[in-house]
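Enquirer: This is query.pdb (PDB, C-alpha atoms, pLDDT in the B column).
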ATOM      1  CA  MET A  42     -41.078   2.399   2.160  1.00 64.00           C
ATOM      2  CA  VAL A  43     -38.137   4.488   3.369  1.00 66.00           C
ATOM      3  CA  ALA A  44     -35.902   1.404   3.628  1.00 78.00           C
ATOM      4  CA  ARG A  45     -36.726   0.469   0.033  1.00 79.00           C
ATOM      5  CA  GLU A  46     -35.944   3.986  -1.176  1.00 81.00           C
ATOM      6  CA  ASN A  47     -32.638   3.936   0.717  1.00 85.00           C
ATOM      7  CA  LEU A  48     -31.797   0.617  -0.943  1.00 86.00           C
ATOM      8  CA  ILE A  49     -32.551   2.045  -4.391  1.00 89.00           C
ATOM      9  CA  VAL A  50     -30.377   5.097  -3.703  1.00 91.00           C
ATOM     10  CA  LYS A  51     -27.589   2.827  -2.432  1.00 92.00           C
ATOM     11  CA  TYR A  52     -27.665   0.743  -5.636  1.00 93.00           C
ATOM     12  CA  LEU A  53     -27.811   3.825  -7.845  1.00 94.00           C
ATOM     13  CA  PHE A  54     -24.830   5.329  -6.015  1.00 94.00           C
ATOM     14  CA  GLN A  55     -22.817   2.105  -6.440  1.00 95.00           C
ATOM     15  CA  PHE A  56     -23.799   1.875 -10.108  1.00 95.00           C
ATOM     16  CA  MET A  57     -22.812   5.524 -10.621  1.00 96.00           C
ATOM     17  CA  ILE A  58     -19.344   4.895  -9.158  1.00 96.00           C
ATOM     18  CA  ILE A  59     -18.810   1.975 -11.514  1.00 95.00           C
ATOM     19  CA  LEU A  60     -20.045   4.061 -14.461  1.00 95.00           C
ATOM     20  CA  VAL A  61     -17.576   6.821 -13.590  1.00 96.00           C
ATOM     21  CA  PHE A  62     -14.735   4.306 -13.909  1.00 96.00           C
ATOM     22  CA  VAL A  63     -16.207   2.947 -17.154  1.00 95.00           C
ATOM     23  CA  PHE A  64     -16.244   6.511 -18.503  1.00 96.00           C
ATOM     24  CA  LEU A  65     -12.678   7.156 -17.317  1.00 96.00           C
ATOM     25  CA  GLY A  66     -11.595   3.923 -19.007  1.00 95.00           C
ATOM     26  CA  GLU A  67     -13.199   4.974 -22.274  1.00 95.00           C
ATOM     27  CA  LEU A  68     -11.524   8.355 -21.967  1.00 96.00           C
ATOM     28  CA  CYS A  69      -8.153   6.655 -21.445  1.00 95.00           C
ATOM     29  CA  GLU A  70      -8.762   4.508 -24.535  1.00 94.00           C
ATOM     30  CA  PHE A  71      -9.413   7.664 -26.533  1.00 94.00           C
ATOM     31  CA  LEU A  72      -6.376   9.530 -25.178  1.00 95.00           C
ATOM     32  CA  ILE A  73      -3.771   6.751 -24.952  1.00 94.00           C
ATOM     33  CA  PRO A  74      -2.643   5.372 -28.329  1.00 91.00           C
ATOM     34  CA  LEU A  75      -2.425   1.724 -27.234  1.00 90.00           C
ATOM     35  CA  PRO A  76      -4.609  -1.165 -28.442  1.00 91.00           C
ATOM     36  CA  ILE A  77      -6.193  -1.668 -25.005  1.00 91.00           C
ATOM     37  CA  ALA A  78      -9.954  -1.631 -24.511  1.00 92.00           C
ATOM     38  CA  GLY A  79     -11.497   1.103 -22.412  1.00 92.00           C
ATOM     39  CA  SER A  80     -13.087  -1.485 -20.153  1.00 91.00           C
ATOM     40  CA  ILE A  81      -9.628  -2.758 -19.217  1.00 93.00           C
ATOM     41  CA  TYR A  82      -8.468   0.761 -18.386  1.00 95.00           C
ATOM     42  CA  GLY A  83     -11.628   1.259 -16.334  1.00 95.00           C
ATOM     43  CA  LEU A  84     -11.108  -1.956 -14.377  1.00 93.00           C
ATOM     44  CA  LEU A  85      -7.482  -1.051 -13.752  1.00 95.00           C
ATOM     45  CA  LEU A  86      -8.430   2.434 -12.551  1.00 96.00           C
ATOM     46  CA  LEU A  87     -11.115   1.005 -10.253  1.00 95.00           C
ATOM     47  CA  PHE A  88      -8.618  -1.538  -8.897  1.00 94.00           C
ATOM     48  CA  ILE A  89      -6.077   1.212  -8.212  1.00 95.00           C
ATOM     49  CA  ALA A  90      -8.753   3.353  -6.534  1.00 96.00           C
ATOM     50  CA  LEU A  91      -9.786   0.406  -4.348  1.00 95.00           C
ATOM     51  CA  CYS A  92      -6.181  -0.387  -3.381  1.00 93.00           C
ATOM     52  CA  ALA A  93      -5.426   3.270  -2.653  1.00 95.00           C
ATOM     53  CA  GLY A  94      -8.528   3.617  -0.512  1.00 93.00           C
ATOM     54  CA  LEU A  95     -10.066   6.263  -2.753  1.00 95.00           C
ATOM     55  CA  VAL A  96     -13.065   3.979  -3.246  1.00 95.00           C
ATOM     56  CA  LYS A  97     -14.240   1.687  -0.474  1.00 95.00           C
ATOM     57  CA  LEU A  98     -15.250  -1.846  -1.429  1.00 93.00           C
ATOM     58  CA  SER A  99     -18.603  -1.381   0.297  1.00 93.00           C
ATOM     59  CA  TRP A 100     -19.328   1.470  -2.130  1.00 93.00           C
ATOM     60  CA  VAL A 101     -19.423  -0.918  -5.123  1.00 94.00           C
ATOM     61  CA  ALA A 102     -19.740  -4.449  -3.707  1.00 93.00           C
ATOM     62  CA  ASP A 103     -23.491  -5.043  -4.052  1.00 93.00           C
ATOM     63  CA  VAL A 104     -23.764  -3.848  -7.651  1.00 93.00           C
ATOM     64  CA  ALA A 105     -20.523  -5.652  -8.576  1.00 92.00           C
ATOM     65  CA  ASP A 106     -21.979  -8.881  -7.137  1.00 91.00           C
ATOM     66  CA  TRP A 107     -25.130  -8.348  -9.202  1.00 91.00           C
ATOM     67  CA  PHE A 108     -23.051  -7.766 -12.361  1.00 89.00           C
ATOM     68  CA  HIS A 109     -21.133 -10.955 -11.624  1.00 87.00           C
ATOM     69  CA  GLY A 110     -24.400 -12.854 -11.240  1.00 86.00           C
ATOM     70  CA  VAL A 111     -25.810 -11.747 -14.613  1.00 87.00           C
ATOM     71  CA  MET A 112     -22.524 -11.984 -16.507  1.00 84.00           C
ATOM     72  CA  ALA A 113     -23.572 -15.251 -18.149  1.00 80.00           C
ATOM     73  CA  LEU A 114     -26.233 -13.360 -20.117  1.00 81.00           C
ATOM     74  CA  PHE A 115     -23.491 -11.476 -21.932  1.00 79.00           C
ATOM     75  CA  PHE A 116     -22.224 -14.735 -23.432  1.00 78.00           C
ATOM     76  CA  VAL A 117     -25.502 -15.728 -25.103  1.00 80.00           C
ATOM     77  CA  ALA A 118     -24.868 -13.607 -28.222  1.00 81.00           C
ATOM     78  CA  PRO A 119     -21.370 -15.038 -28.858  1.00 81.00           C
ATOM     79  CA  ALA A 120     -22.752 -18.566 -28.455  1.00 79.00           C
ATOM     80  CA  VAL A 121     -25.421 -17.844 -31.059  1.00 82.00           C
ATOM     81  CA  ALA A 122     -22.758 -16.365 -33.347  1.00 83.00           C
ATOM     82  CA  VAL A 123     -20.771 -19.602 -33.115  1.00 82.00           C
ATOM     83  CA  ILE A 124     -23.855 -21.525 -34.219  1.00 85.00           C
ATOM     84  CA  ASP A 125     -24.221 -19.153 -37.187  1.00 86.00           C
ATOM     85  CA  ILE A 126     -20.620 -19.656 -38.352  1.00 88.00           C
ATOM     86  CA  TRP A 127     -20.439 -23.381 -37.570  1.00 87.00           C
ATOM     87  CA  PRO A 128     -19.977 -24.430 -41.240  1.00 88.00           C
ATOM     88  CA  GLU A 129     -16.874 -22.238 -41.432  1.00 88.00           C
ATOM     89  CA  ILE A 130     -15.268 -23.502 -38.214  1.00 88.00           C
ATOM     90  CA  SER A 131     -16.398 -27.134 -38.244  1.00 87.00           C
ATOM     91  CA  GLY A 132     -13.013 -28.252 -39.585  1.00 90.00           C
ATOM     92  CA  ILE A 133     -11.003 -26.579 -36.847  1.00 92.00           C
ATOM     93  CA  TRP A 134     -13.294 -26.854 -33.823  1.00 88.00           C
ATOM     94  CA  MET A 135     -10.910 -29.199 -31.970  1.00 91.00           C
ATOM     95  CA  TYR A 136      -8.097 -26.646 -32.239  1.00 92.00           C
ATOM     96  CA  LEU A 137     -10.423 -23.906 -31.013  1.00 89.00           C
ATOM     97  CA  VAL A 138     -11.503 -25.966 -27.997  1.00 89.00           C
ATOM     98  CA  PHE A 139      -7.859 -26.770 -27.222  1.00 94.00           C
ATOM     99  CA  MET A 140      -6.937 -23.082 -27.363  1.00 95.00           C
ATOM    100  CA  LEU A 141      -9.875 -22.143 -25.144  1.00 90.00           C
ATOM    101  CA  VAL A 142      -8.934 -24.769 -22.547  1.00 94.00           C
ATOM    102  CA  LEU A 143      -5.284 -23.710 -22.689  1.00 96.00           C
ATOM    103  CA  ALA A 144      -6.224 -20.034 -22.298  1.00 95.00           C
ATOM    104  CA  TYR A 145      -8.485 -20.957 -19.378  1.00 93.00           C
ATOM    105  CA  PHE A 146      -5.691 -22.748 -17.518  1.00 95.00           C
ATOM    106  CA  VAL A 147      -3.116 -20.040 -18.268  1.00 96.00           C
ATOM    107  CA  THR A 148      -5.559 -17.423 -16.945  1.00 95.00           C
ATOM    108  CA  MET A 149      -6.248 -19.533 -13.869  1.00 95.00           C
ATOM    109  CA  VAL A 150      -2.526 -19.953 -13.105  1.00 95.00           C
ATOM    110  CA  ILE A 151      -1.731 -16.263 -13.652  1.00 96.00           C
ATOM    111  CA  THR A 152      -4.688 -15.217 -11.491  1.00 94.00           C
ATOM    112  CA  GLY A 153      -3.618 -17.589  -8.727  1.00 93.00           C
ATOM    113  CA  LYS A 154       0.006 -16.410  -8.825  1.00 93.00           C
ATOM    114  CA  THR A 155      -1.105 -12.773  -8.787  1.00 92.00           C
ATOM    115  CA  ALA A 156      -3.412 -13.393  -5.817  1.00 90.00           C
ATOM    116  CA  ASP A 157      -0.591 -15.225  -3.985  1.00 90.00           C
ATOM    117  CA  PHE A 158       1.763 -12.330  -4.649  1.00 89.00           C
ATOM    118  CA  PHE A 159      -0.638  -9.750  -3.236  1.00 86.00           C
ATOM    119  CA  LEU A 160      -1.655 -11.905  -0.274  1.00 87.00           C
ATOM    120  CA  ASN A 161       1.969 -12.618   0.646  1.00 85.00           C
ATOM    121  CA  ARG A 162       2.828  -8.952   0.249  1.00 80.00           C
ATOM    122  CA  LYS A 163      -0.046  -7.985   2.523  1.00 70.00           C
ATOM    123  CA  GLU A 164       0.997 -10.545   5.179  1.00 73.00           C
ATOM    124  CA  LYS A 165       4.562  -9.204   5.205  1.00 72.00           C
ATOM    125  CA  LYS A 166       3.346  -5.698   6.064  1.00 66.00           C
TER
END
Please express what this file holds, its structure, as structure tokens.

Expert:
Amino acid sequence: MVARENLIVKYLFQFMIILVFVFLGELCEFLIPLPIAGSIYGLLLLFIALCAGLVKLSWVADVADWFHGVMALFFVAPAVAVIDIWPEISGIWMYLVFMLVLAYFVTMVITGKTADFFLNRKEKK
């Protein structure tokens, strides 16, 4: 019973840390007059805190893995919305698919180059 309670406290603590950065991101969105979503600010602040050692990866890893596992559920509503507006986009669906595939590959290349940059920088130190 004690082990289960410790596990619950551990997950709540990790979730709380992530929520703090979500809140800080929303605060940045409110205070900074740029068209950037609060979630992006929050992710950037969490990334900076992780890199600076202010937040240890073990403090958020389990809950972040869980979020990653259930992320597909967040895409159900947009998929249903596409079905609802299908008559309006049926004439341009090939262009939309092309743009999605292009955006996917551009994101993949940029992510890979960014990871290479940081890994090479870390190896040089």

Enquirer: For the file shown, report as JSON, numbers by chain the outcome of the PyMOL selection byres ((chain A and resi 96-113) around 10) at residue level.

Expert: {"A": [51, 52, 53, 54, 55, 56, 57, 58, 59, 87, 88, 89, 90, 91, 92, 93, 94, 95, 114, 115, 116, 117]}

Enquirer: Could you please determine the separation between CA of Leu141 in chain A and CA of Ala122 in chain A in Å, to one decimal place?

Expert: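 Calculated distance between CA of Leu141 in chain A and CA of Ala122 in chain A is 16.3 Å.
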
Enquirer: Find the residues near Cys69 in chain A: any atom within 10 Å, counting all atoms listed in the file, skip ones fewer than 6 places away on the same chain, and give them as an mmCIF file with C-alpha atoms, keeping the file's coordinate frame.

Expert:
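Output file result-v6.cif follows:
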data_model
loop_
_atom_site.group_PDB
_atom_site.id
_atom_site.type_symbol
_atom_site.label_atom_id
_atom_site.label_comp_id
_atom_site.auth_asym_id
_atom_site.auth_seq_id
_atom_site.Cartn_x
_atom_site.Cartn_y
_atom_site.Cartn_z
ATOM 1 C CA VAL A 63 -16.207 2.947 -17.154
ATOM 2 C CA LEU A 75 -2.425 1.724 -27.234
ATOM 3 C CA ILE A 77 -6.193 -1.668 -25.005
ATOM 4 C CA ALA A 78 -9.954 -1.631 -24.511
ATOM 5 C CA GLY A 79 -11.497 1.103 -22.412
ATOM 6 C CA SER A 80 -13.087 -1.485 -20.153
ATOM 7 C CA ILE A 81 -9.628 -2.758 -19.217
ATOM 8 C CA TYR A 82 -8.468 0.761 -18.386
ATOM 9 C CA GLY A 83 -11.628 1.259 -16.334
ATOM 10 C CA LEU A 86 -8.430 2.434 -12.551
#

Enquirer: To one decimal place, how far is CA of Ile73 in chain A from CA of Pro119 in chain A in Å?

Expert: 28.3 Å

Enquirer: Please, what distance in Å, to one decimal, runs between CA of Leu160 in chain A and CA of Ala144 in chain A?

Expert: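 Separating CA of Leu160 in chain A from CA of Ala144 in chain A is a distance of 23.9 Å.
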
Enquirer: With distances taken over all atoms listed in the file, which residue among A:Trp127, A:Thr148, A:Leu84, A:Asn47 lies nearest Val61 in chain A?

Expert: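 Comparing A:Trp127, A:Thr148, A:Leu84, A:Asn47 against Val61 in chain A, the winner is A:Leu84.
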
Enquirer: Which centre and which edge lengths, in Å to one decimal, describe the axis-aligned box that holds all listed atoms of range 79-93 of chain A after 4 Å is added on each side, as lines of an AutoDock Vina configuration file?

Expert:
center_x = -9.3
center_y = 0.3
center_z = -12.5
size_x = 15.7
size_y = 14.1
size_z = 27.8
